>>> print(open('target-v3.tsv').read())   # TSV, C-alpha atoms and all ligand atoms
chain	number	residue	atom	x	y	z
A	1029	MET	CA	-23.39	13.12	8.36
A	1030	PRO	CA	-20.80	14.51	8.44
A	1031	THR	CA	-19.82	12.82	11.71
A	1032	PRO	CA	-17.40	14.12	14.35
A	1033	HIS	CA	-14.59	12.14	12.69
A	1034	ILE	CA	-15.49	11.84	8.98
A	1035	GLU	CA	-16.07	15.01	6.98
A	1036	SER	CA	-17.79	13.57	3.89
A	1037	LYS	CA	-21.26	15.10	3.49
A	1038	ASN	CA	-22.44	12.54	0.96
A	1039	LYS	CA	-22.54	8.82	1.70
A	1040	ASP	CA	-22.23	8.08	-2.03
A	1041	GLU	CA	-18.61	9.30	-1.79
A	1042	ILE	CA	-17.77	6.11	0.11
A	1043	ALA	CA	-17.99	2.66	-1.51
A	1044	LYS	CA	-19.87	-0.23	0.11
A	1045	THR	CA	-16.53	-1.94	0.78
A	1046	VAL	CA	-13.78	-0.14	2.70
A	1047	LEU	CA	-10.24	-1.42	3.21
A	1048	MET	CA	-8.93	-0.29	6.57
A	1049	PRO	CA	-5.22	-0.14	7.45
A	1050	GLY	CA	-4.24	1.35	10.80
A	1051	ASP	CA	-1.73	3.69	9.18
A	1052	PRO	CA	-3.05	6.73	7.23
A	1053	LEU	CA	0.03	6.64	5.01
A	1054	ARG	CA	-0.66	3.00	4.14
A	1055	ALA	CA	-4.13	4.17	3.02
A	1056	LYS	CA	-2.47	6.88	0.88
A	1057	PHE	CA	0.02	4.35	-0.52
A	1058	ILE	CA	-2.85	2.08	-1.60
A	1059	ALA	CA	-4.75	4.96	-3.23
A	1060	ASP	CA	-1.61	6.24	-5.01
A	1061	THR	CA	-0.37	2.80	-6.11
A	1062	PHE	CA	-3.45	0.77	-6.95
A	1063	LEU	CA	-6.50	3.03	-7.46
A	1064	GLU	CA	-7.64	5.13	-10.41
A	1065	ASP	CA	-10.08	8.09	-10.46
A	1066	VAL	CA	-9.29	8.73	-6.81
A	1067	THR	CA	-11.14	11.24	-4.63
A	1068	GLN	CA	-10.29	11.99	-1.00
A	1069	PHE	CA	-13.37	11.89	1.27
A	1070	ASN	CA	-11.70	12.33	4.65
A	1071	GLY	CA	-8.81	14.27	6.12
A	1072	VAL	CA	-10.10	14.92	9.65
A	1073	ARG	CA	-7.23	14.29	12.11
A	1074	ASN	CA	-5.20	13.15	9.07
A	1075	VAL	CA	-7.14	9.89	9.09
A	1076	LEU	CA	-7.05	9.75	5.32
A	1077	GLY	CA	-9.91	8.22	3.33
A	1078	TYR	CA	-10.10	7.72	-0.44
A	1079	THR	CA	-12.47	6.23	-3.00
A	1080	GLY	CA	-11.37	5.04	-6.41
A	1081	THR	CA	-11.54	2.15	-8.83
A	1082	TYR	CA	-9.47	-1.03	-8.96
A	1083	LYS	CA	-9.62	-2.93	-12.26
A	1084	GLY	CA	-12.63	-0.71	-13.04
A	1085	ARG	CA	-14.49	-1.63	-9.83
A	1086	ARG	CA	-15.24	0.78	-6.97
A	1087	ILE	CA	-13.64	0.54	-3.52
A	1088	SER	CA	-12.67	2.84	-0.64
A	1089	VAL	CA	-9.68	2.80	1.68
A	1090	MET	CA	-9.53	4.64	4.98
A	1091	ALA	CA	-7.22	4.47	7.99
A	1092	SER	CA	-8.47	3.28	11.38
A	1093	GLY	CA	-5.73	4.68	13.59
A	1094	MET	CA	-4.22	2.40	16.23
A	1095	GLY	CA	-6.15	0.42	18.80
A	1096	MET	CA	-9.72	-0.65	19.50
A	1097	PRO	CA	-11.09	2.73	20.67
A	1098	SER	CA	-9.96	4.25	17.36
A	1099	ILE	CA	-11.24	1.57	14.97
A	1100	GLY	CA	-14.35	1.36	17.16
A	1101	ILE	CA	-15.20	4.96	16.24
A	1102	TYR	CA	-14.36	4.82	12.54
A	1103	SER	CA	-15.95	1.46	11.79
A	1104	TYR	CA	-19.14	2.44	13.68
A	1105	GLU	CA	-19.48	5.71	11.76
A	1106	LEU	CA	-18.82	4.04	8.38
A	1107	TYR	CA	-21.33	1.24	9.01
A	1108	LYS	CA	-24.04	3.26	10.73
A	1109	PHE	CA	-23.95	6.67	9.01
A	1110	TYR	CA	-22.38	5.96	5.59
A	1111	ASP	CA	-24.13	2.64	4.82
A	1112	VAL	CA	-20.84	0.78	4.40
A	1113	GLU	CA	-21.47	-2.99	4.25
A	1114	ASN	CA	-17.98	-4.54	4.32
A	1115	ILE	CA	-14.83	-3.48	6.14
A	1116	ILE	CA	-11.62	-5.42	5.53
A	1117	ARG	CA	-8.88	-4.54	7.98
A	1118	ILE	CA	-5.42	-4.78	6.38
A	1119	GLY	CA	-2.93	-4.56	9.20
A	1120	SER	CA	0.47	-5.52	10.48
A	1121	CYS	CA	0.91	-8.06	13.29
A	1122	GLY	CA	3.49	-9.63	15.53
A	1123	GLY	CA	3.91	-13.40	15.15
A	1124	TYR	CA	3.66	-15.54	18.30
A	1125	THR	CA	5.30	-18.60	16.73
A	1126	PRO	CA	8.17	-19.19	14.28
A	1127	ASP	CA	5.57	-20.83	11.97
A	1128	VAL	CA	4.40	-17.38	10.88
A	1129	LYS	CA	7.31	-15.68	9.14
A	1130	LEU	CA	7.95	-12.04	8.24
A	1131	TYR	CA	5.75	-11.01	5.28
A	1132	ASP	CA	3.43	-14.04	5.66
A	1133	VAL	CA	-0.26	-13.20	5.24
A	1134	ILE	CA	-2.78	-14.26	7.89
A	1135	LEU	CA	-6.57	-14.28	7.52
A	1136	ALA	CA	-8.19	-13.97	10.97
A	1137	LYS	CA	-10.74	-16.77	11.24
A	1138	ASP	CA	-11.66	-15.35	14.64
A	1139	VAL	CA	-10.08	-13.20	17.33
A	1140	TRP	CA	-9.52	-13.61	21.04
A	1141	SER	CA	-9.13	-10.58	23.31
A	1142	GLU	CA	-8.99	-9.69	27.00
A	1143	SER	CA	-10.34	-6.25	26.03
A	1144	SER	CA	-13.52	-4.86	27.63
A	1145	PHE	CA	-14.52	-3.19	24.33
A	1146	ALA	CA	-17.36	-5.57	23.40
A	1147	LYS	CA	-18.71	-5.84	26.92
A	1148	VAL	CA	-18.83	-2.06	27.33
A	1149	GLN	CA	-20.19	-1.46	23.82
A	1150	SER	CA	-23.07	-3.93	23.92
A	1151	GLY	CA	-22.84	-6.27	26.90
A	1152	TYR	CA	-21.25	-9.02	24.73
A	1153	GLU	CA	-19.70	-11.48	27.19
A	1154	SER	CA	-17.51	-13.78	25.11
A	1155	ASP	CA	-13.81	-13.14	24.63
A	1156	VAL	CA	-13.91	-14.49	21.05
A	1157	VAL	CA	-15.60	-12.98	18.01
A	1158	GLU	CA	-15.63	-14.28	14.41
A	1159	GLY	CA	-14.97	-12.58	11.12
A	1160	THR	CA	-17.82	-12.82	8.59
A	1161	PRO	CA	-17.57	-16.31	7.02
A	1162	GLU	CA	-18.81	-15.15	3.56
A	1163	LEU	CA	-16.09	-12.47	3.38
A	1164	ASN	CA	-13.46	-14.94	4.55
A	1165	GLN	CA	-14.56	-17.40	1.87
A	1166	ARG	CA	-14.18	-14.73	-0.84
A	1167	LEU	CA	-10.77	-13.66	0.46
A	1168	MET	CA	-9.59	-17.29	0.48
A	1169	GLU	CA	-10.68	-17.66	-3.16
A	1170	TYR	CA	-8.92	-14.44	-4.19
A	1171	ALA	CA	-5.71	-15.51	-2.41
A	1172	GLU	CA	-5.81	-18.83	-4.24
A	1173	GLU	CA	-6.38	-17.16	-7.63
A	1174	LEU	CA	-3.44	-14.81	-6.94
A	1175	GLU	CA	-1.33	-17.78	-5.71
A	1176	ILE	CA	-0.60	-15.99	-2.43
A	1177	PRO	CA	-0.26	-18.47	0.47
A	1178	MET	CA	-2.30	-17.53	3.52
A	1179	HIS	CA	-2.53	-18.79	7.12
A	1180	ILE	CA	-6.14	-18.99	8.33
A	1181	GLU	CA	-5.93	-18.78	12.11
A	1182	ARG	CA	-7.12	-17.25	15.37
A	1183	ILE	CA	-5.40	-13.99	16.27
A	1184	HIS	CA	-5.07	-11.89	19.44
A	1185	SER	CA	-6.30	-8.28	19.64
A	1186	SER	CA	-4.46	-6.48	22.42
A	1187	ASP	CA	-4.96	-3.07	24.01
A	1188	VAL	CA	-1.27	-2.99	24.90
A	1189	PHE	CA	1.67	-2.82	22.50
A	1190	TYR	CA	4.41	-2.67	25.18
A	1191	ARG	CA	3.81	-5.20	27.98
A	1192	GLU	CA	6.04	-5.23	31.04
A	1193	ASN	CA	5.74	-9.02	31.01
A	1194	PHE	CA	6.96	-9.70	27.45
A	1195	GLU	CA	6.77	-13.49	27.94
A	1196	GLU	CA	2.97	-13.39	28.43
A	1197	TYR	CA	2.51	-13.94	24.68
A	1198	LYS	CA	3.53	-17.59	25.14
A	1199	GLU	CA	0.59	-18.27	27.45
A	1200	ILE	CA	-1.83	-16.46	25.13
A	1201	HIS	CA	-0.56	-18.57	22.24
A	1202	HIS	CA	-0.81	-21.87	24.12
A	1203	LYS	CA	-4.03	-21.25	26.05
A	1204	HIS	CA	-6.07	-19.46	23.39
A	1205	GLY	CA	-4.50	-20.66	20.14
A	1206	CYS	CA	-3.61	-17.19	18.82
A	1207	VAL	CA	-0.76	-17.18	16.27
A	1208	ALA	CA	-0.23	-13.41	16.12
A	1209	VAL	CA	-1.11	-10.12	17.79
A	1210	GLU	CA	-2.58	-6.87	16.49
A	1211	MET	CA	-4.76	-4.20	18.11
A	1212	GLU	CA	-8.08	-3.68	16.26
A	1213	ALA	CA	-9.85	-6.77	14.88
A	1214	PHE	CA	-11.86	-7.61	18.02
A	1215	ALA	CA	-13.58	-4.20	18.03
A	1216	LEU	CA	-14.12	-4.25	14.27
A	1217	PHE	CA	-15.67	-7.74	14.26
A	1218	HIS	CA	-17.81	-6.82	17.25
A	1219	ASN	CA	-19.15	-3.63	15.63
A	1220	ALA	CA	-19.95	-5.54	12.44
A	1221	GLN	CA	-21.83	-8.13	14.49
A	1222	VAL	CA	-23.97	-5.66	16.46
A	1223	LEU	CA	-24.79	-3.58	13.37
A	1224	GLY	CA	-25.56	-6.55	11.08
A	1225	LYS	CA	-22.61	-5.76	8.78
A	1226	ASN	CA	-19.58	-7.69	7.47
A	1227	ALA	CA	-15.94	-7.59	8.56
A	1228	ALA	CA	-12.72	-9.46	7.86
A	1229	CYS	CA	-9.09	-9.00	8.80
A	1230	LEU	CA	-6.00	-9.69	6.72
A	1231	LEU	CA	-2.63	-9.22	8.39
A	1232	THR	CA	0.99	-9.22	7.31
A	1233	VAL	CA	3.60	-10.38	9.83
A	1234	SER	CA	5.76	-7.31	10.54
A	1235	ASP	CA	7.74	-8.80	13.44
A	1236	ASN	CA	7.97	-12.00	15.39
A	1237	LEU	CA	8.03	-12.16	19.17
A	1238	ALA	CA	9.50	-15.67	19.16
A	1239	THR	CA	12.36	-15.07	16.69
A	1240	HIS	CA	12.83	-11.30	17.36
A	1241	GLU	CA	12.92	-10.54	13.62
A	1242	ALA	CA	11.32	-7.26	12.55
A	1243	THR	CA	10.59	-5.14	9.48
A	1244	THR	CA	11.16	-1.36	9.34
A	1245	SER	CA	8.46	1.31	9.68
A	1246	GLU	CA	8.91	2.09	5.97
A	1247	GLU	CA	8.23	-1.56	5.04
A	1248	ARG	CA	5.13	-1.56	7.31
A	1249	GLN	CA	3.83	1.48	5.42
A	1250	ASN	CA	4.55	0.50	1.82
A	1251	ALA	CA	5.70	-3.08	1.35
A	1252	PHE	CA	2.83	-5.30	2.53
A	1253	THR	CA	1.37	-5.51	-0.96
A	1254	ASN	CA	0.23	-9.16	-1.01
A	1255	MET	CA	-2.54	-8.59	1.52
A	1256	MET	CA	-3.48	-5.37	-0.29
A	1257	LYS	CA	-3.87	-7.21	-3.60
A	1258	ILE	CA	-6.07	-9.89	-2.02
A	1259	ALA	CA	-8.26	-7.30	-0.29
A	1260	LEU	CA	-8.52	-5.06	-3.38
A	1261	GLU	CA	-10.24	-7.91	-5.24
A	1262	MET	CA	-13.26	-7.10	-3.02
A	1263	ALA	CA	-13.89	-4.02	-5.23
A	1264	GLU	CA	-17.39	-4.03	-6.76
B	1	LIG	O1	-0.24	-1.75	10.94
B	1	LIG	P1	-1.53	-1.47	11.63
B	1	LIG	O2	-2.70	-1.70	10.73
B	1	LIG	O3	-1.59	-0.13	12.31
B	1	LIG	O4	-1.66	-2.60	12.79
B	1	LIG	C1	-0.78	-2.83	13.86
B	1	LIG	O5	0.24	-1.86	14.00
B	1	LIG	C2	-0.04	-0.97	15.09
B	1	LIG	C3	1.04	-1.12	16.12
B	1	LIG	O6	2.28	-0.87	15.59
B	1	LIG	C4	-1.41	-1.38	15.62
B	1	LIG	O7	-2.40	-0.59	15.01
B	1	LIG	C5	-1.47	-2.83	15.21
B	1	LIG	O8	-2.75	-3.40	15.13
B	2	LIG	O1	0.08	-4.98	17.51
B	2	LIG	C1	1.14	-5.33	17.00
B	2	LIG	C2	1.41	-5.13	15.62
B	2	LIG	C3	2.60	-5.52	15.10
B	2	LIG	N1	3.50	-6.12	15.90
B	2	LIG	C4	3.27	-6.32	17.21
B	2	LIG	O2	4.12	-6.87	17.90
B	2	LIG	N2	2.10	-5.94	17.72
>>> encode(input="target-v3.tsv", output="structure tokens")
Amino acid sequence: MPTPHIESKNKDEIAKTVLMPGDPLRAKFIADTFLEDVTQFNGVRNVLGYTGTYKGRRISVMASGMGMPSIGIYSYELYKFYDVENIIRIGSCGGYTPDVKLYDVILAKDVWSESSFAKVQSGYESDVVEGTPELNQRLMEYAEELEIPMHIERIHSSDVFYRENFEEYKEIHHKHGCVAVEMEAFALFHNAQVLGKNAACLLTVSDNLATHEATTSEERQNAFTNMMKIALEMAE
């Protein structure tokens, strides 16, 4: 401490629970909109990290950047060197079926990936890894209290945003049961598992590969507030 990617010199600057959007400006939006008594604990590479209070309870929010290599670094450093216990990813995703509509919230029960991340990191052989059931249970209760409907499903973590074979998503949906795609949860869940920590992933549907509907980049940064409100209830 500090680490190559997080400049905070004091682990007490970071709460035990960290919300983790991919986008640094989504992290800033959350700090500006929902948190009080905010301090910034990271600015290295503009991967912004903040700690503050929500309804009087402490919580941190820090960006992960895009993709498994990036969240692999940040989640490992937070868990291992800053004693963080819980990381809740709050991301955007592309729907694989018309059943998940723009702005719907998805809780990732587990995640399937063709990525080599887990195998390279620890020798883990399976292509599926689970979120922490206790965190998922709490997030389901908070969603119910807030009356925010939530899909609880398997998702796909992909290393590739732009595939030459666009239609491949149909096979991934049918063969592996994934309802949406994002790019980080597999690495996050894996790191939590190997380090004995907790992880969950809430997603908002930003676009749909089946219907071709899509939100704007501005909406992806600032408008996915339902998943933020559910995740913020994790503050302690
Ligand atoms: O909105 P975020 O959290 O960045 O998540 C999704 O958006 C990015 C791709 O546009 C990838 O990081 C993907 O996982
Ligand atoms: O990884 C992602 C995230 C949002 N939308 C997509 O299509 N893919």
>>> residues_near_ligand(input="target-v3.tsv", ligand="ligand LIG 2 (chain B)", cutoff="6 Å", atoms="only C-alpha atoms and all ligand atoms", output="ChimeraX atom specification")
/A:1120-1122,1189,1209-1211,1234-1235
>>> write_last_selection(input="target-v3.tsv", atoms="C-alpha atoms", output="compact mmCIF listing (two decimals), in the coordinates of the input")
# COMPACT_ATOMS: atom_id res chain seq x y z
CA SER A 1120 0.47 -5.52 10.48
CA CYS A 1121 0.91 -8.06 13.29
CA GLY A 1122 3.49 -9.63 15.53
CA PHE A 1189 1.67 -2.82 22.50
CA VAL A 1209 -1.11 -10.12 17.79
CA GLU A 1210 -2.58 -6.87 16.49
CA MET A 1211 -4.76 -4.20 18.11
CA SER A 1234 5.76 -7.31 10.54
CA ASP A 1235 7.74 -8.80 13.44
>>> residues_near_ligand(input="target-v3.tsv", ligand="ligand LIG 1 (chain B)", cutoff="8 Å", atoms="only C-alpha atoms and all ligand atoms", output="tab-separated table (two decimals) with C-alpha atoms, in the coordinates of the input")
chain	number	residue	atom	x	y	z
A	1048	MET	CA	-8.93	-0.29	6.57
A	1049	PRO	CA	-5.22	-0.14	7.45
A	1050	GLY	CA	-4.24	1.35	10.80
A	1051	ASP	CA	-1.73	3.69	9.18
A	1092	SER	CA	-8.47	3.28	11.38
A	1093	GLY	CA	-5.73	4.68	13.59
A	1094	MET	CA	-4.22	2.40	16.23
A	1095	GLY	CA	-6.15	0.42	18.80
A	1117	ARG	CA	-8.88	-4.54	7.98
A	1118	ILE	CA	-5.42	-4.78	6.38
A	1119	GLY	CA	-2.93	-4.56	9.20
A	1120	SER	CA	0.47	-5.52	10.48
A	1121	CYS	CA	0.91	-8.06	13.29
A	1185	SER	CA	-6.30	-8.28	19.64
A	1189	PHE	CA	1.67	-2.82	22.50
A	1209	VAL	CA	-1.11	-10.12	17.79
A	1210	GLU	CA	-2.58	-6.87	16.49
A	1211	MET	CA	-4.76	-4.20	18.11
A	1212	GLU	CA	-8.08	-3.68	16.26
A	1213	ALA	CA	-9.85	-6.77	14.88
A	1231	LEU	CA	-2.63	-9.22	8.39
A	1248	ARG	CA	5.13	-1.56	7.31
A	1249	GLN	CA	3.83	1.48	5.42
>>> atom_distance(input="target-v3.tsv", atom1="CA of Glu1113 (chain A)", atom2="CA of Ala1263 (chain A)")
12.2 Å
>>> closest_residue(input="target-v3.tsv", among="A:Ala1043, A:Ala1208, A:Ala1215, A:Ala1259", to="Met1168 (chain A)", atoms="all atoms listed in the file")
A:Ala1259
>>> atom_distance(input="target-v3.tsv", atom1="CA of Glu1142 (chain A)", atom2="CA of Val1156 (chain A)")
9.1 Å
>>> closest_residue(input="target-v3.tsv", among="A:Tyr1170, A:Asp1127, A:Thr1067, A:Leu1216", to="Ile1115 (chain A)", atoms="only C-alpha atoms")
A:Leu1216
>>> atom_distance(input="target-v3.tsv", atom1="CA of Asp1060 (chain A)", atom2="CA of Tyr1131 (chain A)")
21.4 Å
>>> closest_residue(input="target-v3.tsv", among="A:Ser1103, A:Thr1045, A:Thr1125, A:Thr1232", to="Asn1250 (chain A)", atoms="all atoms listed in the file")
A:Thr1232
>>> closest_residue(input="target-v3.tsv", among="A:Leu1230, A:Met1178, A:Ala1238, A:Leu1167", to="Glu1195 (chain A)", atoms="all atoms listed in the file")
A:Ala1238
>>> axis_aligned_box(input="target-v3.tsv", around="region 1125-1130 of chain A", padding_each_side="6 Å", output="AutoDock Vina command-line options")
--center_x 6.3 --center_y -16.4 --center_z 12.5 --size_x 15.8 --size_y 20.8 --size_z 20.5
>>> residues_near_point(input="target-v3.tsv", point="(-3.5, 10.4, 10.3)", cutoff="12 Å", atoms="all atoms listed in the file", output="list of chain:residue names")
A:His1033, A:Pro1049, A:Gly1050, A:Asp1051, A:Pro1052, A:Leu1053, A:Arg1054, A:Ala1055, A:Lys1056, A:Asn1070, A:Gly1071, A:Val1072, A:Arg1073, A:Asn1074, A:Val1075, A:Leu1076, A:Gly1077, A:Met1090, A:Ala1091, A:Ser1092, A:Gly1093, A:Met1094, A:Ser1098
>>> closest_residue(input="target-v3.tsv", among="A:Ser1036, A:Ser1245, A:Asn1236, A:Thr1081", to="Glu1105 (chain A)", atoms="only C-alpha atoms")
A:Ser1036
